[in-house]
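Student: Structure file my_file-v6.pdb (PDB, C-alpha atoms, pLDDT in the B column) right here:
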ATOM      1  CA  MET A   1      11.505 -27.542   7.723  1.00 71.00           C
ATOM      2  CA  ASN A   2      12.950 -24.151   8.582  1.00 81.00           C
ATOM      3  CA  VAL A   3      11.509 -20.648   8.507  1.00 89.00           C
ATOM      4  CA  ASP A   4      13.149 -17.708   6.752  1.00 91.00           C
ATOM      5  CA  LEU A   5      14.812 -16.044   9.753  1.00 94.00           C
ATOM      6  CA  GLU A   6      14.944 -12.582   8.187  1.00 95.00           C
ATOM      7  CA  MET A   7      11.205 -12.659   7.456  1.00 94.00           C
ATOM      8  CA  MET A   8      10.510 -13.890  10.987  1.00 95.00           C
ATOM      9  CA  ARG A   9      12.715 -11.189  12.506  1.00 95.00           C
ATOM     10  CA  ASN A  10      10.896  -8.563  10.433  1.00 95.00           C
ATOM     11  CA  LEU A  11       7.492  -9.898  11.521  1.00 95.00           C
ATOM     12  CA  ILE A  12       8.375  -9.936  15.210  1.00 95.00           C
ATOM     13  CA  HIS A  13      10.160  -6.596  15.360  1.00 94.00           C
ATOM     14  CA  LYS A  14       8.539  -4.423  12.698  1.00 94.00           C
ATOM     15  CA  ARG A  15       5.103  -5.902  12.076  1.00 93.00           C
ATOM     16  CA  ALA A  16       3.910  -6.599  15.618  1.00 93.00           C
ATOM     17  CA  ASP A  17       0.800  -4.522  14.900  1.00 95.00           C
ATOM     18  CA  GLU A  18      -0.213  -7.127  12.312  1.00 95.00           C
ATOM     19  CA  ILE A  19       0.181  -9.847  14.924  1.00 96.00           C
ATOM     20  CA  GLU A  20      -2.048  -7.885  17.302  1.00 96.00           C
ATOM     21  CA  LYS A  21      -4.726  -7.529  14.617  1.00 95.00           C
ATOM     22  CA  SER A  22      -4.582 -11.213  13.695  1.00 95.00           C
ATOM     23  CA  VAL A  23      -5.151 -12.388  17.275  1.00 96.00           C
ATOM     24  CA  ALA A  24      -7.832  -9.832  18.115  1.00 95.00           C
ATOM     25  CA  GLU A  25     -10.938 -11.515  19.525  1.00 94.00           C
ATOM     26  CA  THR A  26      -9.467 -15.028  19.223  1.00 96.00           C
ATOM     27  CA  GLY A  27      -8.564 -15.547  22.872  1.00 95.00           C
ATOM     28  CA  TYR A  28      -4.853 -15.680  22.049  1.00 96.00           C
ATOM     29  CA  LEU A  29      -2.435 -13.039  23.250  1.00 96.00           C
ATOM     30  CA  PRO A  30      -0.054 -11.227  20.896  1.00 97.00           C
ATOM     31  CA  ARG A  31       2.821 -11.968  23.267  1.00 97.00           C
ATOM     32  CA  THR A  32       2.132 -15.695  22.888  1.00 97.00           C
ATOM     33  CA  VAL A  33       2.483 -15.469  19.110  1.00 97.00           C
ATOM     34  CA  ILE A  34       5.573 -13.272  19.467  1.00 97.00           C
ATOM     35  CA  GLY A  35       6.980 -15.805  21.933  1.00 97.00           C
ATOM     36  CA  VAL A  36       6.616 -18.635  19.428  1.00 97.00           C
ATOM     37  CA  GLY A  37       8.280 -16.459  16.789  1.00 97.00           C
ATOM     38  CA  THR A  38      11.111 -15.615  19.151  1.00 97.00           C
ATOM     39  CA  PHE A  39      11.545 -19.297  19.995  1.00 97.00           C
ATOM     40  CA  LEU A  40      11.920 -20.024  16.282  1.00 96.00           C
ATOM     41  CA  LEU A  41      14.475 -17.236  15.903  1.00 95.00           C
ATOM     42  CA  ASP A  42      16.447 -18.628  18.828  1.00 96.00           C
ATOM     43  CA  ASN A  43      16.394 -22.110  17.294  1.00 95.00           C
ATOM     44  CA  GLU A  44      17.409 -21.293  13.723  1.00 94.00           C
ATOM     45  CA  GLY A  45      13.779 -21.421  12.520  1.00 93.00           C
ATOM     46  CA  ASP A  46      13.486 -25.177  13.072  1.00 95.00           C
ATOM     47  CA  ILE A  47       9.742 -25.850  13.154  1.00 95.00           C
ATOM     48  CA  ASP A  48      10.330 -29.452  14.225  1.00 95.00           C
ATOM     49  CA  LEU A  49      11.271 -28.179  17.701  1.00 96.00           C
ATOM     50  CA  LEU A  50       7.814 -26.674  18.315  1.00 97.00           C
ATOM     51  CA  SER A  51       5.435 -28.355  20.737  1.00 97.00           C
ATOM     52  CA  SER A  52       1.989 -29.265  19.413  1.00 97.00           C
ATOM     53  CA  LYS A  53       0.479 -26.108  20.948  1.00 97.00           C
ATOM     54  CA  GLN A  54       3.228 -23.926  19.503  1.00 97.00           C
ATOM     55  CA  LYS A  55       2.682 -25.558  16.099  1.00 97.00           C
ATOM     56  CA  VAL A  56      -1.015 -24.609  16.218  1.00 97.00           C
ATOM     57  CA  ILE A  57      -0.070 -20.987  16.936  1.00 97.00           C
ATOM     58  CA  PHE A  58       2.513 -21.053  14.156  1.00 97.00           C
ATOM     59  CA  ASP A  59       0.040 -22.475  11.629  1.00 96.00           C
ATOM     60  CA  LYS A  60      -2.840 -20.236  12.687  1.00 97.00           C
ATOM     61  CA  PHE A  61      -1.083 -16.878  13.043  1.00 97.00           C
ATOM     62  CA  ILE A  62       2.574 -16.765  12.024  1.00 96.00           C
ATOM     63  CA  LEU A  63       2.512 -18.715   8.769  1.00 95.00           C
ATOM     64  CA  PRO A  64      -0.287 -16.618   7.205  1.00 95.00           C
ATOM     65  CA  LEU A  65       1.510 -13.402   8.197  1.00 95.00           C
ATOM     66  CA  LEU A  66       4.792 -14.638   6.750  1.00 93.00           C
ATOM     67  CA  ALA A  67       3.005 -15.526   3.500  1.00 90.00           C
ATOM     68  CA  ALA A  68       1.169 -12.181   3.311  1.00 80.00           C
ATOM     69  CA  PRO A  69       2.706  -9.482   1.155  1.00 69.00           C
ATOM     70  CA  ARG A  70       4.655  -6.915   3.131  1.00 64.00           C
ATOM     71  CA  ARG A  71       2.883  -3.622   3.655  1.00 56.00           C
TER      72      ARG A  71
END
Please express the file's structure as structure tokens.
Tutor:
Amino acid sequence: MNVDLEMMRNLIHKRADEIEKSVAETGYLPRTVIGVGTFLLDNEGDIDLLSSKQKVIFDKFILPLLAAPRR
């Protein structure tokens, strides 16, 4: 499975404030979520390359933000 690279690029570069809000008070750092997103961008959006920990971050933070309507 691959991620839409344009949507991911938009999330990482233009919607970082939404990432910060989504991780607030969870114990995760925004830069960790951005790092997973950047890794996906660097690897053509191939989710199969994520480690188990990266997959958790993707499922918990990135996927819901990608599915959310753009503001």
Student: Need the neighbours of (3.7, -8.3, 15.8): which residues are at most 10 Å away, counting all atoms listed in the file, as a list in words?
Tutor: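 Residues with an atom close enough to that point: Asn10, Leu11, Ile12, His13, Lys14, Arg15, Ala16, Asp17, Glu18, Ile19, Glu20, Lys21, Ser22, Val23, Pro30, Arg31, Val33, Ile34, Gly37, Ile62 and Leu65 of chain A.
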Student: Quick check, in Å to one decimal: how far apart do CA of Ser51 (chain A) and CA of Leu66 (chain A) lie?
Tutor: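 These atoms are spaced 19.6 Å apart.
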Student: Give me the residues near Leu49 (chain A) as a VMD selection string, where near means some atom within 12 Å (using all atoms listed in the file) and where sequence neighbours in that chain fewer than 2 positions away do not count.
Tutor: chain A and resid 1 to 3 36 39 to 47 51 to 55 58
Student: Choose the residue, out of A:Thr38, A:Ala24, A:Thr32, A:Arg9, that has the smallest atom-to-atom separation from Val56 (chain A); count only C-alpha atoms.
Tutor: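 Looking at the shortest contact to Val56 (chain A), the residue is A:Thr32.
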Student: So, counting all atoms listed in the file, which residue among A:Asp48, A:Asp4, A:Ile57, A:Ala67 is closest to Gly35 (chain A)?
Tutor: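 Result for the nearest residue to Gly35 (chain A): A:Ile57.
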Student: Report the centre and edge lengths, in Å to one decimal, of an axis-aligned box enclosing every atom of region 9-12 of chain A listed in the file, padded by 8 Å on each side, as JSON.
Tutor:
{"center_x": 10.1, "center_y": -9.9, "center_z": 12.8, "size_x": 21.2, "size_y": 18.6, "size_z": 20.8}
Student: Starting from the sparse input, extend region 5-31 of chain A to N, CA, C and O atoms and give the output as a CSV table (one decimal), in the coordinates of the input.
Tutor:
chain,number,residue,atom,x,y,z
A,5,LEU,N,14.5,-16.8,8.5
A,5,LEU,CA,14.8,-16.0,9.8
A,5,LEU,C,14.7,-14.5,9.6
A,5,LEU,O,14.2,-13.8,10.5
A,6,GLU,N,15.1,-14.0,8.4
A,6,GLU,CA,14.9,-12.6,8.2
A,6,GLU,C,13.5,-12.2,8.1
A,6,GLU,O,13.1,-11.1,8.7
A,7,MET,N,12.6,-13.0,7.5
A,7,MET,CA,11.2,-12.7,7.5
A,7,MET,C,10.6,-12.7,8.9
A,7,MET,O,9.8,-11.9,9.2
A,8,MET,N,11.0,-13.7,9.6
A,8,MET,CA,10.5,-13.9,11.0
A,8,MET,C,10.9,-12.7,11.9
A,8,MET,O,10.1,-12.2,12.6
A,9,ARG,N,12.2,-12.3,11.7
A,9,ARG,CA,12.7,-11.2,12.5
A,9,ARG,C,11.9,-9.9,12.2
A,9,ARG,O,11.5,-9.2,13.0
A,10,ASN,N,11.7,-9.7,10.9
A,10,ASN,CA,10.9,-8.6,10.4
A,10,ASN,C,9.5,-8.6,11.0
A,10,ASN,O,9.0,-7.6,11.5
A,11,LEU,N,8.8,-9.8,11.0
A,11,LEU,CA,7.5,-9.9,11.5
A,11,LEU,C,7.5,-9.6,13.0
A,11,LEU,O,6.6,-8.8,13.5
A,12,ILE,N,8.4,-10.1,13.8
A,12,ILE,CA,8.4,-9.9,15.2
A,12,ILE,C,8.7,-8.5,15.6
A,12,ILE,O,8.1,-7.9,16.5
A,13,HIS,N,9.7,-7.9,14.9
A,13,HIS,CA,10.2,-6.6,15.4
A,13,HIS,C,9.5,-5.4,14.7
A,13,HIS,O,9.5,-4.3,15.2
A,14,LYS,N,9.0,-5.6,13.4
A,14,LYS,CA,8.5,-4.4,12.7
A,14,LYS,C,7.1,-4.5,12.3
A,14,LYS,O,6.5,-3.5,11.9
A,15,ARG,N,6.5,-5.7,12.5
A,15,ARG,CA,5.1,-5.9,12.1
A,15,ARG,C,4.3,-6.4,13.2
A,15,ARG,O,3.3,-7.1,13.0
A,16,ALA,N,4.6,-6.1,14.4
A,16,ALA,CA,3.9,-6.6,15.6
A,16,ALA,C,2.5,-6.1,15.6
A,16,ALA,O,1.6,-6.8,16.1
A,17,ASP,N,2.2,-5.0,15.0
A,17,ASP,CA,0.8,-4.5,14.9
A,17,ASP,C,-0.1,-5.5,14.1
A,17,ASP,O,-1.2,-5.7,14.4
A,18,GLU,N,0.5,-6.1,13.1
A,18,GLU,CA,-0.2,-7.1,12.3
A,18,GLU,C,-0.5,-8.4,13.2
A,18,GLU,O,-1.6,-9.0,13.0
A,19,ILE,N,0.4,-8.7,14.0
A,19,ILE,CA,0.2,-9.8,14.9
A,19,ILE,C,-1.0,-9.5,15.9
A,19,ILE,O,-1.9,-10.3,16.0
A,20,GLU,N,-1.0,-8.3,16.4
A,20,GLU,CA,-2.0,-7.9,17.3
A,20,GLU,C,-3.4,-7.9,16.6
A,20,GLU,O,-4.4,-8.4,17.2
A,21,LYS,N,-3.5,-7.5,15.4
A,21,LYS,CA,-4.7,-7.5,14.6
A,21,LYS,C,-5.2,-9.0,14.3
A,21,LYS,O,-6.4,-9.3,14.4
A,22,SER,N,-4.2,-9.8,14.0
A,22,SER,CA,-4.6,-11.2,13.7
A,22,SER,C,-5.1,-12.0,14.9
A,22,SER,O,-5.9,-12.9,14.7
A,23,VAL,N,-4.7,-11.7,16.1
A,23,VAL,CA,-5.2,-12.4,17.3
A,23,VAL,C,-6.3,-11.7,17.9
A,23,VAL,O,-6.9,-12.3,18.8
A,24,ALA,N,-6.7,-10.5,17.5
A,24,ALA,CA,-7.8,-9.8,18.1
A,24,ALA,C,-9.1,-10.7,18.1
A,24,ALA,O,-9.4,-11.3,17.2
A,25,GLU,N,-9.7,-10.8,19.3
A,25,GLU,CA,-10.9,-11.5,19.5
A,25,GLU,C,-10.8,-13.0,19.3
A,25,GLU,O,-11.8,-13.7,19.0
A,26,THR,N,-9.6,-13.6,19.4
A,26,THR,CA,-9.5,-15.0,19.2
A,26,THR,C,-9.2,-15.7,20.6
A,26,THR,O,-9.3,-16.9,20.6
A,27,GLY,N,-8.9,-15.0,21.6
A,27,GLY,CA,-8.6,-15.5,22.9
A,27,GLY,C,-7.1,-15.7,23.0
A,27,GLY,O,-6.6,-16.1,24.1
A,28,TYR,N,-6.3,-15.6,22.0
A,28,TYR,CA,-4.9,-15.7,22.0
A,28,TYR,C,-4.3,-14.3,22.3
A,28,TYR,O,-4.9,-13.3,22.0
A,29,LEU,N,-3.1,-14.3,23.0
A,29,LEU,CA,-2.4,-13.0,23.2
A,29,LEU,C,-1.3,-12.8,22.2
A,29,LEU,O,-0.6,-13.7,21.8
A,30,PRO,N,-1.1,-11.5,21.8
A,30,PRO,CA,-0.1,-11.2,20.9
A,30,PRO,C,1.3,-11.7,21.4
A,30,PRO,O,2.1,-12.2,20.7
A,31,ARG,N,1.5,-11.6,22.7
A,31,ARG,CA,2.8,-12.0,23.3
A,31,ARG,C,3.1,-13.5,23.1
A,31,ARG,O,4.2,-13.9,23.1
